[in-house]
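Here is the file query_34.tsv (TSV, C-alpha atoms and all ligand atoms).
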chain	number	residue	atom	x	y	z
T	248	MET	CA	111.97	12.29	-2.81
T	249	ARG	CA	115.13	12.40	-0.70
T	250	THR	CA	115.44	14.30	2.55
T	251	VAL	CA	118.73	15.30	4.17
T	252	THR	CA	118.61	16.78	7.68
T	253	VAL	CA	120.88	19.55	8.88
T	254	GLU	CA	121.32	18.72	12.57
T	255	ILE	CA	121.68	21.81	14.73
T	256	PRO	CA	120.59	21.53	18.37
T	257	GLY	CA	117.06	22.93	18.66
T	258	ARG	CA	117.00	24.15	15.06
T	259	SER	CA	117.45	21.07	12.84
T	260	TYR	CA	115.80	21.35	9.46
T	261	PRO	CA	115.10	19.22	6.39
T	262	ILE	CA	116.32	19.66	2.83
T	263	HIS	CA	113.71	18.11	0.54
T	264	ILE	CA	115.14	17.11	-2.84
T	265	GLY	CA	113.29	15.74	-5.85
T	266	PRO	CA	110.86	16.46	-8.67
T	267	GLY	CA	107.81	18.16	-7.15
T	268	ALA	CA	109.58	18.82	-3.82
T	269	ARG	CA	107.67	22.13	-3.66
T	270	GLN	CA	104.70	20.13	-2.38
T	271	GLN	CA	106.59	19.93	0.95
T	272	LEU	CA	106.11	23.69	1.36
T	273	ARG	CA	102.63	23.30	2.80
T	274	ALA	CA	104.01	21.39	5.77
T	275	LEU	CA	106.78	23.98	6.28
T	276	VAL	CA	104.36	26.92	6.34
T	277	ALA	CA	101.58	25.10	8.24
T	278	ARG	CA	100.25	26.94	11.30
T	279	ARG	CA	101.23	30.32	9.78
T	280	ASP	CA	98.73	32.93	8.65
T	281	PRO	CA	98.64	32.41	4.82
T	282	ALA	CA	98.73	36.22	4.36
T	283	GLN	CA	102.08	36.20	6.19
T	284	VAL	CA	103.77	33.82	3.75
T	285	VAL	CA	105.80	36.22	1.57
T	286	VAL	CA	107.86	35.41	-1.53
T	287	ILE	CA	111.08	37.24	-2.43
T	288	ALA	CA	111.89	36.08	-5.94
T	289	ASP	CA	114.45	36.44	-8.68
T	290	ARG	CA	112.51	38.11	-11.52
T	291	ASN	CA	113.56	35.58	-14.18
T	292	VAL	CA	112.67	32.66	-11.92
T	293	ALA	CA	109.32	34.27	-11.06
T	294	ASP	CA	108.49	34.66	-14.78
T	295	LEU	CA	109.12	30.95	-15.31
T	296	HIS	CA	107.98	29.28	-12.13
T	297	LEU	CA	105.97	31.55	-9.81
T	298	ASP	CA	102.62	29.99	-10.73
T	299	ALA	CA	103.91	26.51	-9.87
T	300	LEU	CA	105.29	27.77	-6.56
T	301	ALA	CA	102.09	29.63	-5.65
T	302	ALA	CA	100.01	26.54	-6.43
T	303	ALA	CA	101.98	24.67	-3.77
T	304	LEU	CA	101.09	27.26	-1.09
T	305	PRO	CA	97.86	27.54	0.91
T	306	ALA	CA	97.05	30.98	-0.63
T	307	VAL	CA	98.37	33.26	-3.37
T	308	PRO	CA	101.35	34.93	-1.64
T	309	PRO	CA	102.47	38.57	-1.74
T	310	VAL	CA	105.52	38.62	-4.02
T	311	VAL	CA	108.39	41.06	-4.40
T	312	THR	CA	110.90	40.45	-7.20
T	313	PHE	CA	114.45	41.64	-7.78
T	314	PRO	CA	116.55	41.66	-10.97
T	315	ALA	CA	118.57	38.49	-11.57
T	316	GLY	CA	122.29	38.81	-10.84
T	317	GLU	CA	124.83	39.45	-8.13
T	318	ASN	CA	124.17	43.22	-8.25
T	319	SER	CA	120.89	42.58	-6.43
T	320	LYS	CA	122.84	41.44	-3.36
T	321	SER	CA	123.01	45.06	-2.25
T	322	LEU	CA	121.83	47.15	0.68
T	323	ALA	CA	119.78	49.22	-1.81
T	324	CYS	CA	117.91	46.12	-2.99
T	325	ALA	CA	117.44	44.91	0.60
T	326	GLU	CA	116.00	48.33	1.49
T	327	ARG	CA	113.49	48.08	-1.35
T	328	VAL	CA	112.41	44.66	-0.07
T	329	PHE	CA	112.13	46.02	3.50
T	330	GLY	CA	109.80	48.72	2.10
T	331	PHE	CA	107.66	45.99	0.58
T	332	LEU	CA	107.53	44.07	3.87
T	333	ALA	CA	106.46	47.27	5.64
T	334	GLU	CA	103.69	47.90	3.07
T	335	GLN	CA	102.50	44.32	3.51
T	336	ARG	CA	102.58	44.68	7.30
T	337	VAL	CA	104.75	41.61	7.63
T	338	GLU	CA	104.89	40.51	11.26
T	339	ARG	CA	107.21	38.42	13.45
T	340	GLY	CA	105.20	35.25	12.78
T	341	ALA	CA	105.71	35.59	9.01
T	342	ILE	CA	107.78	33.36	6.80
T	343	VAL	CA	109.85	34.46	3.82
T	344	ILE	CA	110.23	32.14	0.85
T	345	ALA	CA	113.45	33.02	-0.98
T	346	PHE	CA	112.80	31.84	-4.53
T	347	GLY	CA	115.74	31.59	-6.90
T	348	GLY	CA	119.44	30.78	-6.84
T	349	GLY	CA	122.20	31.83	-4.49
T	350	VAL	CA	121.38	35.53	-4.79
T	351	ALA	CA	117.76	34.90	-3.72
T	352	GLY	CA	118.91	32.82	-0.75
T	353	ASP	CA	121.54	35.34	0.36
T	354	LEU	CA	119.34	38.42	-0.13
T	355	GLY	CA	116.10	36.80	1.07
T	356	GLY	CA	117.91	35.22	4.00
T	357	PHE	CA	119.55	38.54	4.91
T	358	VAL	CA	116.18	40.30	4.80
T	359	ALA	CA	114.61	37.54	6.91
T	360	ALA	CA	117.51	37.64	9.39
T	361	THR	CA	117.13	41.38	9.97
T	362	TRP	CA	113.41	42.20	9.47
T	363	LEU	CA	111.95	42.71	12.95
T	364	ARG	CA	115.27	41.23	14.21
T	365	GLY	CA	114.62	37.94	12.46
T	366	ILE	CA	111.73	36.01	10.95
T	367	ALA	CA	111.53	32.50	9.49
T	368	PHE	CA	112.63	31.69	5.96
T	369	VAL	CA	112.69	28.84	3.49
T	370	PRO	CA	114.98	28.94	0.46
T	371	VAL	CA	113.40	27.32	-2.59
T	372	ALA	CA	116.60	26.75	-4.53
T	373	THR	CA	116.32	26.93	-8.32
T	374	SER	CA	120.03	26.68	-9.15
T	375	LEU	CA	122.42	23.83	-8.53
T	376	LEU	CA	124.75	26.13	-6.64
T	377	ALA	CA	121.98	27.18	-4.28
T	378	ALA	CA	120.81	23.58	-3.90
T	379	VAL	CA	124.17	22.17	-2.84
T	380	ASP	CA	125.73	25.14	-1.07
T	381	ALA	CA	124.17	28.59	-0.70
T	382	SER	CA	120.77	27.48	0.67
T	383	VAL	CA	122.25	25.10	3.21
T	384	GLY	CA	123.88	26.30	6.41
T	385	GLY	CA	122.37	29.68	7.21
T	386	LYS	CA	124.92	32.08	5.75
T	387	THR	CA	123.09	35.17	4.50
T	388	ALA	CA	124.66	38.38	3.21
T	389	VAL	CA	124.74	41.28	0.80
T	390	ASN	CA	127.78	42.81	-0.89
T	391	ILE	CA	129.13	46.33	-0.46
T	392	PRO	CA	131.61	48.07	-2.81
T	393	ALA	CA	134.52	47.03	-0.56
T	394	GLY	CA	133.80	43.33	-1.04
T	395	LYS	CA	131.51	40.36	-1.30
T	396	ASN	CA	129.28	39.12	1.55
T	397	LEU	CA	130.76	41.62	4.00
T	398	VAL	CA	127.38	42.49	5.57
T	399	GLY	CA	125.28	39.57	6.73
T	400	ALA	CA	124.17	37.23	9.45
T	401	PHE	CA	124.02	33.54	10.30
T	402	HIS	CA	120.31	32.73	10.12
T	403	GLN	CA	119.27	29.11	9.66
T	404	PRO	CA	116.20	28.42	7.50
T	405	VAL	CA	113.32	26.30	8.79
T	406	GLY	CA	113.63	24.06	5.74
T	407	VAL	CA	115.07	24.00	2.22
T	408	ILE	CA	113.26	22.96	-0.95
T	409	VAL	CA	115.18	21.69	-3.98
T	410	ASP	CA	112.53	20.96	-6.60
T	411	LEU	CA	114.25	19.37	-9.59
T	412	ASP	CA	111.46	20.67	-11.86
T	413	PHE	CA	112.76	24.20	-11.26
T	414	LEU	CA	116.33	23.21	-12.17
T	415	GLU	CA	115.30	22.15	-15.68
T	416	THR	CA	115.41	25.72	-17.02
T	417	LEU	CA	118.88	26.44	-15.61
T	418	SER	CA	121.37	27.51	-18.31
T	419	GLY	CA	124.35	25.26	-18.99
T	420	ARG	CA	126.63	27.96	-17.63
T	421	ASP	CA	124.72	28.31	-14.36
T	422	TYR	CA	124.54	24.53	-14.00
T	423	ALA	CA	128.33	24.30	-14.43
T	424	SER	CA	128.74	27.04	-11.83
T	425	GLY	CA	126.94	24.79	-9.32
T	426	LEU	CA	129.11	21.86	-10.31
T	427	ALA	CA	132.15	23.86	-9.15
T	428	GLU	CA	130.80	23.78	-5.58
T	429	CYS	CA	130.12	20.03	-5.95
T	430	VAL	CA	133.74	19.46	-6.98
T	431	LYS	CA	134.84	21.63	-4.06
T	432	GLN	CA	132.80	19.71	-1.50
T	433	ALA	CA	134.02	16.37	-2.82
T	434	ALA	CA	137.62	17.60	-2.92
T	435	ILE	CA	137.65	18.74	0.70
T	436	ARG	CA	135.66	15.99	2.33
T	437	ASP	CA	134.62	13.00	0.27
T	438	PRO	CA	137.05	11.12	-2.02
T	439	ASP	CA	134.28	8.61	-2.91
T	440	LEU	CA	132.05	11.45	-4.08
T	441	PHE	CA	134.98	12.85	-6.09
T	442	ALA	CA	135.43	9.49	-7.83
T	443	TRP	CA	131.63	9.30	-8.37
T	444	LEU	CA	131.72	12.73	-10.06
T	445	GLU	CA	134.52	11.54	-12.34
T	446	ALA	CA	132.63	8.34	-13.18
T	447	HIS	CA	129.24	9.98	-13.84
T	448	GLY	CA	130.39	13.05	-15.76
T	449	GLU	CA	128.20	12.41	-18.80
T	450	ALA	CA	125.01	11.64	-16.85
T	451	ILE	CA	125.64	14.66	-14.63
T	452	LEU	CA	126.00	16.95	-17.65
T	453	LYS	CA	122.80	15.49	-19.14
T	454	ARG	CA	121.05	16.17	-15.80
T	455	GLU	CA	119.62	12.65	-15.69
T	456	PRO	CA	117.03	12.95	-12.88
T	457	ASP	CA	118.27	10.06	-10.71
T	458	VAL	CA	121.87	11.15	-11.02
T	459	LEU	CA	120.95	14.78	-10.37
T	460	GLY	CA	119.01	13.79	-7.23
T	461	GLU	CA	121.95	11.75	-5.99
T	462	LEU	CA	124.43	14.52	-6.84
T	463	ILE	CA	122.45	17.06	-4.83
T	464	ALA	CA	121.67	14.74	-1.91
T	465	ARG	CA	125.29	13.59	-1.53
T	466	ASN	CA	126.54	17.16	-1.65
T	467	CYS	CA	123.91	18.28	0.87
T	468	GLU	CA	125.07	15.46	3.16
T	469	VAL	CA	128.65	16.76	2.99
T	470	LYS	CA	127.55	20.34	3.63
T	471	ALA	CA	125.09	19.34	6.40
T	472	ALA	CA	127.77	17.35	8.24
T	473	VAL	CA	130.20	20.27	8.18
T	474	VAL	CA	127.56	22.82	9.25
T	475	SER	CA	126.28	20.52	12.02
T	476	ALA	CA	129.81	20.24	13.40
T	477	ASP	CA	130.55	23.97	13.21
T	478	GLU	CA	127.58	26.22	12.51
T	479	ARG	CA	129.38	29.55	13.06
T	480	GLU	CA	132.65	28.77	11.27
T	481	MET	CA	134.78	28.71	14.38
T	482	GLY	CA	136.92	25.94	12.87
T	483	LEU	CA	135.97	23.07	10.58
T	484	ARG	CA	133.43	25.00	8.46
T	485	ALA	CA	136.29	27.06	7.06
T	486	ILE	CA	137.20	24.09	4.83
T	487	LEU	CA	134.20	25.09	2.70
T	488	ASN	CA	136.25	28.15	1.75
T	489	TYR	CA	138.63	26.06	-0.34
T	490	GLY	CA	139.02	27.91	-3.64
T	491	HIS	CA	137.24	30.92	-2.22
T	492	THR	CA	140.09	33.12	-0.94
T	493	LEU	CA	141.37	33.67	-4.47
T	494	GLY	CA	137.93	32.90	-5.96
T	495	HIS	CA	136.24	35.81	-4.18
T	496	ALA	CA	139.13	38.15	-5.00
T	497	ILE	CA	138.89	37.14	-8.68
T	498	GLU	CA	135.12	37.63	-8.62
T	499	HIS	CA	135.55	41.08	-7.10
T	500	ARG	CA	138.29	42.12	-9.54
T	501	LEU	CA	136.31	40.85	-12.56
T	502	GLU	CA	133.42	42.99	-11.25
T	503	TYR	CA	131.13	39.92	-11.10
T	504	ASP	CA	131.41	39.29	-14.88
T	505	LEU	CA	131.95	35.58	-14.15
T	506	ARG	CA	129.57	33.36	-12.22
T	507	HIS	CA	130.50	32.62	-8.59
T	508	GLY	CA	131.21	28.94	-9.35
T	509	GLU	CA	133.40	29.88	-12.31
T	510	CYS	CA	135.52	32.04	-9.99
T	511	VAL	CA	135.64	29.26	-7.39
T	512	ALA	CA	136.89	26.85	-10.08
T	513	LEU	CA	139.66	29.30	-10.95
T	514	GLY	CA	140.31	29.83	-7.24
T	515	MET	CA	140.68	26.08	-6.64
T	516	ILE	CA	143.09	25.70	-9.55
T	517	ALA	CA	145.19	28.66	-8.39
T	518	GLU	CA	145.16	27.58	-4.72
T	519	ASN	CA	146.19	24.07	-5.77
T	520	GLU	CA	149.22	25.66	-7.43
T	521	ILE	CA	150.17	27.18	-4.08
T	522	ALA	CA	149.85	23.74	-2.46
T	523	ARG	CA	151.86	22.14	-5.28
T	524	GLY	CA	154.54	24.83	-4.95
T	525	ARG	CA	154.88	23.97	-1.26
T	526	GLY	CA	155.27	20.26	-2.02
T	527	MET	CA	151.98	19.53	-0.21
T	528	LEU	CA	149.91	18.38	-3.16
T	529	ALA	CA	150.99	15.95	-5.87
T	530	GLY	CA	151.03	17.31	-9.42
T	531	GLU	CA	148.79	14.47	-10.58
T	532	THR	CA	146.10	15.50	-8.04
T	533	VAL	CA	146.35	19.11	-9.24
T	534	GLU	CA	145.77	17.86	-12.80
T	535	ARG	CA	142.99	15.48	-11.70
T	536	ILE	CA	141.02	18.34	-10.12
T	537	ARG	CA	141.66	20.65	-13.08
T	538	ALA	CA	140.50	17.91	-15.49
T	539	LEU	CA	137.25	17.36	-13.58
T	540	LEU	CA	136.54	21.11	-13.53
T	541	ARG	CA	137.20	21.33	-17.28
T	542	ARG	CA	134.91	18.36	-17.90
T	543	CYS	CA	132.18	20.12	-15.93
T	544	GLY	CA	132.39	22.99	-18.46
T	545	LEU	CA	134.17	25.35	-16.09
T	546	PRO	CA	136.90	27.84	-17.05
T	547	THR	CA	140.48	26.90	-16.21
T	548	VAL	CA	141.98	30.25	-17.25
T	549	LEU	CA	140.84	33.82	-16.60
T	550	PRO	CA	138.84	35.58	-19.33
T	551	ARG	CA	141.16	38.58	-19.03
T	552	ALA	CA	144.42	39.32	-17.30
T	553	LEU	CA	144.24	40.51	-13.70
T	554	ASP	CA	146.98	42.38	-11.89
T	555	PRO	CA	148.13	40.01	-9.09
T	556	ALA	CA	148.75	43.02	-6.83
T	557	GLU	CA	145.07	43.98	-7.14
T	558	VAL	CA	143.98	40.40	-6.46
T	559	ILE	CA	146.17	40.38	-3.33
T	560	GLU	CA	144.57	43.66	-2.27
T	561	SER	CA	141.09	42.12	-2.67
T	562	CYS	CA	142.18	39.08	-0.64
T	563	ARG	CA	142.84	41.45	2.27
T	564	VAL	CA	139.26	42.80	2.26
T	565	ASP	CA	137.55	39.49	2.88
T	566	LYS	CA	135.83	37.72	5.76
T	567	LYS	CA	138.63	35.16	5.76
T	568	VAL	CA	141.17	37.77	6.90
T	569	GLN	CA	142.48	37.53	10.46
T	570	GLY	CA	144.95	40.09	11.78
T	571	GLY	CA	145.03	41.61	8.28
T	572	VAL	CA	146.26	38.32	6.80
T	573	PRO	CA	144.17	36.31	4.30
T	574	HIS	CA	143.65	32.67	5.29
T	575	PHE	CA	143.70	29.84	2.77
T	576	VAL	CA	142.48	26.26	2.65
T	577	LEU	CA	145.10	24.13	0.90
T	578	LEU	CA	144.77	20.48	-0.02
T	579	ARG	CA	147.21	17.71	0.84
T	580	ASP	CA	145.06	15.30	-1.16
T	581	VAL	CA	141.46	14.84	-2.22
T	582	GLY	CA	139.56	14.69	1.09
T	583	ASP	CA	142.48	16.07	3.11
T	584	PRO	CA	142.31	19.87	3.48
T	585	VAL	CA	144.46	22.06	5.70
T	586	ARG	CA	142.58	25.15	6.90
T	587	GLY	CA	143.85	28.41	8.36
T	588	VAL	CA	146.98	28.62	6.20
T	589	ALA	CA	148.07	32.18	6.97
T	590	ASP	CA	151.63	32.35	5.63
T	591	VAL	CA	150.94	32.43	1.88
T	592	SER	CA	153.30	35.02	0.43
T	593	GLU	CA	152.56	37.60	-2.24
T	594	ALA	CA	155.04	35.78	-4.50
T	595	GLU	CA	153.10	32.52	-4.10
T	596	ILE	CA	149.82	34.29	-4.95
T	597	ALA	CA	151.40	35.92	-7.99
T	598	ALA	CA	152.74	32.53	-9.18
T	599	ALA	CA	149.32	30.93	-8.61
T	600	MET	CA	147.63	33.68	-10.62
T	601	SER	CA	150.06	33.15	-13.49
T	602	ALA	CA	148.90	29.49	-13.62
T	603	ILE	CA	145.40	30.70	-14.59
T	604	ALA	CA	146.47	33.69	-16.72
T	605	PRO	CA	144.90	33.88	-20.18
T	606	GLY	CA	146.86	32.61	-23.23
O	1	LIG	N1	129.60	28.50	1.36
O	1	LIG	C1	130.43	28.30	2.47
O	1	LIG	C2	129.68	28.05	3.74
O	1	LIG	O1	128.48	27.92	3.72
O	1	LIG	O2	130.28	28.01	4.78
Transcribe the structure of this file into structure tokens.
Amino acid sequence: MRTVTVEIPGRSYPIHIGPGARQQLRALVARRDPAQVVVIADRNVADLHLDALAAALPAVPPVVTFPAGENSKSLACAERVFGFLAEQRVERGAIVIAFGGGVAGDLGGFVAATWLRGIAFVPVATSLLAAVDASVGGKTAVNIPAGKNLVGAFHQPVGVIVDLDFLETLSGRDYASGLAECVKQAAIRDPDLFAWLEAHGEAILKREPDVLGELIARNCEVKAAVVSADEREMGLRAILNYGHTLGHAIEHRLEYDLRHGECVALGMIAENEIARGRGMLAGETVERIRALLRRCGLPTVLPRALDPAEVIESCRVDKKVQGGVPHFVLLRDVGDPVRGVADVSEAEIAAAMSAIAPG
């Protein structure tokens, strides 16, 4: 078992990583009324793993499920969960266990952040993406038709569980989607981790337990350090948005047909083209990052053509907009990001999109 701590004054919390890490839940929910430990679960994950989760809790918990997929990150779905919490008479001393991938963490965290103005929550991450990114750092949100994650709150969990047993059933495609965030975190912050990813590609794809534990722990360390330095994204934390300005716009324009990590991979490749076009980033580094993403099983071209003008429009309806202008994170090198780049022109975005256009 490995434990990484997210250090936030007065609210530090552990991320427990390893096979059987769910056994740490008892300590996290200790001193709470067992009837007030509530599970909000992805329906597919619940079908596979709810019994194992419940066995790690002091009592059989009340459970509400939601359909797998990004569409459940909606106000309508949150309202249904609120109705369940009301029926169950969930009180301020309760704790929500958000069981599933990134959608569970974002939706469950959003519900926990707003129910009775905020109750405790613990994400039990069952996807790689949730383990290394979405569950760590307290960003919670739902989507609205205008864009992704536009309605949400910062709400730190009291702990995070990454039980490698639950990751075994993850599809290859969902696993690769999580690898995109691993590549991102290495690319912005940790050249050694980037080289480690390149060197351990085969073992990572085979999900060898030791390598998987190290992959997740090292990524959580990167994320924890950034969040500890800047919980509310007033500065440094924005580097985690590398690949996400175009990635979110692509995700929105493809109507969530691709996984989040797949869109982030395409976003990183396209944003690297902007950096290359400016003479900031060497062509060989652009190719190195693209090669690693490809090796992880991620797309390097769009599944269908997108109108660059529409992508630009989506970039403008995003949390990363300031003064109506989308902000980008561009790389100078692996481990050397520049955040707050606000002067990217429409022509540069159009050229970047043509670099990931299909055939
Ligand atoms: N996923 C980006 C962040 O947590 O800030």
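Atom CA of Pro309 of chain T is found 9.8 Å from atom CA of Pro281 of chain T.
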Return as a count of residues only every polymer residue, whether protein, DNA or RNA, with at least one atom no more than 7 Å from an atom of ligand LIG 1 (chain O); count all atoms listed in the file.
-> 10
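With all atoms listed in the file as the basis for measurement, T:Cys543 is the residue among T:Cys543, T:Met515, T:Ile497, T:Ala427 that approaches Ile451 of chain T most closely.
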For segment 501-508 of chain T, work out the shell of residues within 12 Å, counting all atoms listed in the file and skipping chain neighbours fewer than 6 positions away, then give it as a PyMOL selection string.
-> chain T and resi 316-320+348-350+374-377+379-381+390+392-395+418-431+490-491+493-495+514-515+540+543-554+557-558+561
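Taking atom CA of Thr250 of chain T and atom CA of Ala277 of chain T as endpoints, the distance between them is 18.5 Å.
Put simply, atom CA of Arg454 of chain T is 27.1 Å away from atom CA of Gly355 of chain T.
Comparing the minimum interatomic distances between Gly399 of chain T and each of T:Asp298, T:Asp565, T:Glu520, T:Asp353, counting only C-alpha atoms, we find that T:Asp353 sits nearest.
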Nearest-residue call for Thr252 of chain T, choices T:Ala299, T:Ile408, T:Leu417, T:Leu397, using all atoms listed in the file = T:Ile408
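When all atoms listed in the file are used to measure the gap to Val568 of chain T, the shortest distance among T:Asp410, T:Glu518, T:Asp590, T:Glu498 belongs to T:Asp590.
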Hey, what's within 10 Å of Met527 of chain T if we count all atoms listed in the file and toss same-chain stuff fewer than 3 positions away? As a PyMOL selection string, please?
-> chain T and resi 519-524+530+577-580+585
Could you write segment 251-268 of chain T as a PDB file, in the coordinates of the input, with N, CA, C and O atoms rebuilt where they are missing?
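Below is the file that was written, part_33.pdb:
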ATOM      1  N   VAL T 251     117.493  15.241   3.375  1.00  0.00           N
ATOM      2  CA  VAL T 251     118.730  15.300   4.170  1.00  0.00           C
ATOM      3  C   VAL T 251     118.447  16.259   5.319  1.00  0.00           C
ATOM      4  O   VAL T 251     117.844  17.317   5.110  1.00  0.00           O
ATOM      5  N   THR T 252     118.873  15.904   6.522  1.00  0.00           N
ATOM      6  CA  THR T 252     118.610  16.780   7.680  1.00  0.00           C
ATOM      7  C   THR T 252     119.892  17.493   8.090  1.00  0.00           C
ATOM      8  O   THR T 252     120.949  16.872   8.203  1.00  0.00           O
ATOM      9  N   VAL T 253     119.776  18.795   8.294  1.00  0.00           N
ATOM     10  CA  VAL T 253     120.880  19.550   8.880  1.00  0.00           C
ATOM     11  C   VAL T 253     120.636  19.550  10.387  1.00  0.00           C
ATOM     12  O   VAL T 253     119.638  20.102  10.857  1.00  0.00           O
ATOM     13  N   GLU T 254     121.517  18.895  11.114  1.00  0.00           N
ATOM     14  CA  GLU T 254     121.320  18.720  12.570  1.00  0.00           C
ATOM     15  C   GLU T 254     121.999  19.870  13.307  1.00  0.00           C
ATOM     16  O   GLU T 254     123.226  19.964  13.336  1.00  0.00           O
ATOM     17  N   ILE T 255     121.162  20.732  13.875  1.00  0.00           N
ATOM     18  CA  ILE T 255     121.680  21.810  14.730  1.00  0.00           C
ATOM     19  C   ILE T 255     120.814  21.796  15.983  1.00  0.00           C
ATOM     20  O   ILE T 255     119.584  21.855  15.859  1.00  0.00           O
ATOM     21  N   PRO T 256     121.410  21.688  17.167  1.00  0.00           N
ATOM     22  CA  PRO T 256     120.590  21.530  18.370  1.00  0.00           C
ATOM     23  C   PRO T 256     119.466  22.565  18.443  1.00  0.00           C
ATOM     24  O   PRO T 256     119.719  23.767  18.373  1.00  0.00           O
ATOM     25  N   GLY T 257     118.233  22.060  18.536  1.00  0.00           N
ATOM     26  CA  GLY T 257     117.060  22.930  18.660  1.00  0.00           C
ATOM     27  C   GLY T 257     116.580  23.549  17.375  1.00  0.00           C
ATOM     28  O   GLY T 257     115.505  24.143  17.321  1.00  0.00           O
ATOM     29  N   ARG T 258     117.381  23.478  16.310  1.00  0.00           N
ATOM     30  CA  ARG T 258     117.000  24.150  15.060  1.00  0.00           C
ATOM     31  C   ARG T 258     117.296  23.276  13.839  1.00  0.00           C
ATOM     32  O   ARG T 258     117.666  23.768  12.783  1.00  0.00           O
ATOM     33  N   SER T 259     117.188  21.959  13.999  1.00  0.00           N
ATOM     34  CA  SER T 259     117.450  21.070  12.840  1.00  0.00           C
ATOM     35  C   SER T 259     116.401  21.318  11.776  1.00  0.00           C
ATOM     36  O   SER T 259     115.268  21.706  12.082  1.00  0.00           O
ATOM     37  N   TYR T 260     116.773  21.119  10.531  1.00  0.00           N
ATOM     38  CA  TYR T 260     115.800  21.350   9.460  1.00  0.00           C
ATOM     39  C   TYR T 260     116.056  20.406   8.284  1.00  0.00           C
ATOM     40  O   TYR T 260     117.182  19.942   8.073  1.00  0.00           O
ATOM     41  N   PRO T 261     114.971  20.141   7.520  1.00  0.00           N
ATOM     42  CA  PRO T 261     115.100  19.220   6.390  1.00  0.00           C
ATOM     43  C   PRO T 261     115.449  19.946   5.092  1.00  0.00           C
ATOM     44  O   PRO T 261     115.060  21.099   4.889  1.00  0.00           O
ATOM     45  N   ILE T 262     116.147  19.230   4.229  1.00  0.00           N
ATOM     46  CA  ILE T 262     116.320  19.660   2.830  1.00  0.00           C
ATOM     47  C   ILE T 262     115.572  18.625   1.999  1.00  0.00           C
ATOM     48  O   ILE T 262     115.962  17.451   1.986  1.00  0.00           O
ATOM     49  N   HIS T 263     114.494  19.029   1.362  1.00  0.00           N
ATOM     50  CA  HIS T 263     113.710  18.110   0.540  1.00  0.00           C
ATOM     51  C   HIS T 263     114.175  18.236  -0.913  1.00  0.00           C
ATOM     52  O   HIS T 263     114.166  19.341  -1.459  1.00  0.00           O
ATOM     53  N   ILE T 264     114.540  17.111  -1.500  1.00  0.00           N
ATOM     54  CA  ILE T 264     115.140  17.110  -2.840  1.00  0.00           C
ATOM     55  C   ILE T 264     114.369  16.162  -3.745  1.00  0.00           C
ATOM     56  O   ILE T 264     114.202  14.978  -3.407  1.00  0.00           O
ATOM     57  N   GLY T 265     113.928  16.649  -4.891  1.00  0.00           N
ATOM     58  CA  GLY T 265     113.290  15.740  -5.850  1.00  0.00           C
ATOM     59  C   GLY T 265     112.346  16.488  -6.776  1.00  0.00           C
ATOM     60  O   GLY T 265     112.020  17.658  -6.530  1.00  0.00           O
ATOM     61  N   PRO T 266     111.876  15.827  -7.824  1.00  0.00           N
ATOM     62  CA  PRO T 266     110.860  16.460  -8.670  1.00  0.00           C
ATOM     63  C   PRO T 266     109.607  16.690  -7.828  1.00  0.00           C
ATOM     64  O   PRO T 266     109.211  15.816  -7.055  1.00  0.00           O
ATOM     65  N   GLY T 267     109.028  17.877  -7.916  1.00  0.00           N
ATOM     66  CA  GLY T 267     107.810  18.160  -7.150  1.00  0.00           C
ATOM     67  C   GLY T 267     108.047  18.417  -5.666  1.00  0.00           C
ATOM     68  O   GLY T 267     107.090  18.477  -4.886  1.00  0.00           O
ATOM     69  N   ALA T 268     109.291  18.616  -5.257  1.00  0.00           N
ATOM     70  CA  ALA T 268     109.580  18.820  -3.820  1.00  0.00           C
ATOM     71  C   ALA T 268     108.855  20.045  -3.257  1.00  0.00           C
ATOM     72  O   ALA T 268     108.675  20.158  -2.042  1.00  0.00           O
TER      73      ALA T 268
END
